[in-house]
Amino acid sequence: MTEADIKPARRSIGATRNPASQEAILVAAEAVLVENGLSGFSIEAVARRARAGKPTIYRWWPSQAALLLDVYHNQKRINFIFPDTGNVHDDLRAYLAGLLQTWREGASGEVFRCVVAKAQEEPAALTALSAYMAGRRHQSGKIVERAQARGEVRPEVKPELVTEILASFAWGRLLTERLNVSEEEVDAVVDAVLGGILAKPAT
């Protein structure tokens, strides 16, 4: 019998999430996914690894997709920061390059691919993913809102649409396992988008 076998299960505190238990479950879920892939991912496997009860996990995360999204968000929160350099070109370039790097390094790219895969088959997963992405678009759109306030971007441009275009490029590379994008390619994508949104200099 190992030390892990005799450790007591972590106790939940009802509907309120115990921070230690929540972190243990998120870490366990990521490990199960990385080791076993989506086909081998289950709440049962996560519960065993985290030494947590299945009812606790289902109370906090009503579906596998909800749990995977929290795993992804936890990784993204740690590894990704929305840039604010004071220049729209540099901000958008850092945003796109950072997104690609975050997905390329560590497990977050694999986790997100799994969430997208589940969303193609499960309505609840699609709803959860759509709600999550709406929040991310709102957050990333602030990059363009700041540029509009500085007069760099035309006022009629829709901020969330701009960053969605860049994110869509990154999505395509993620889902086809082509995340090793060169700096020249990142610049080309950003320049192409900026060509349609920059304010024209006064004449």
# chains A, B, ... in the order shown; residues from 1 in each chain; ligands from 1
$ closest_atom_pairs --of "range 65-94 of chain A" --to "range 128-151 of chain A" --cutoff "10 Å" --atoms "only C-alpha atoms" --output "Markdown table"
| residue | atom | partner | partner_atom | distance |
| --- | --- | --- | --- | --- |
| A:Ala65 | CA | A:Ala128 | CA | 7.3 |
| A:Ala66 | CA | A:Ala128 | CA | 6.6 |
| A:Leu69 | CA | A:Leu129 | CA | 7.5 |
| A:Asp70 | CA | A:Tyr132 | CA | 9.8 |
| A:His73 | CA | A:Tyr132 | CA | 9.1 |
| A:Phe82 | CA | A:Ser140 | CA | 6.9 |
| A:Pro83 | CA | A:Ile143 | CA | 7.5 |
| A:Asp84 | CA | A:Ile143 | CA | 7.1 |
| A:Thr85 | CA | A:Ile143 | CA | 9.6 |
| A:Gly86 | CA | A:Ala147 | CA | 7.8 |
| A:Asn87 | CA | A:Ala147 | CA | 7.2 |
| A:Val88 | CA | A:Ala147 | CA | 5.7 |
| A:His89 | CA | A:Ala147 | CA | 9.3 |
| A:Asp91 | CA | A:Ile143 | CA | 6.9 |
| A:Leu92 | CA | A:Ile143 | CA | 7.4 |
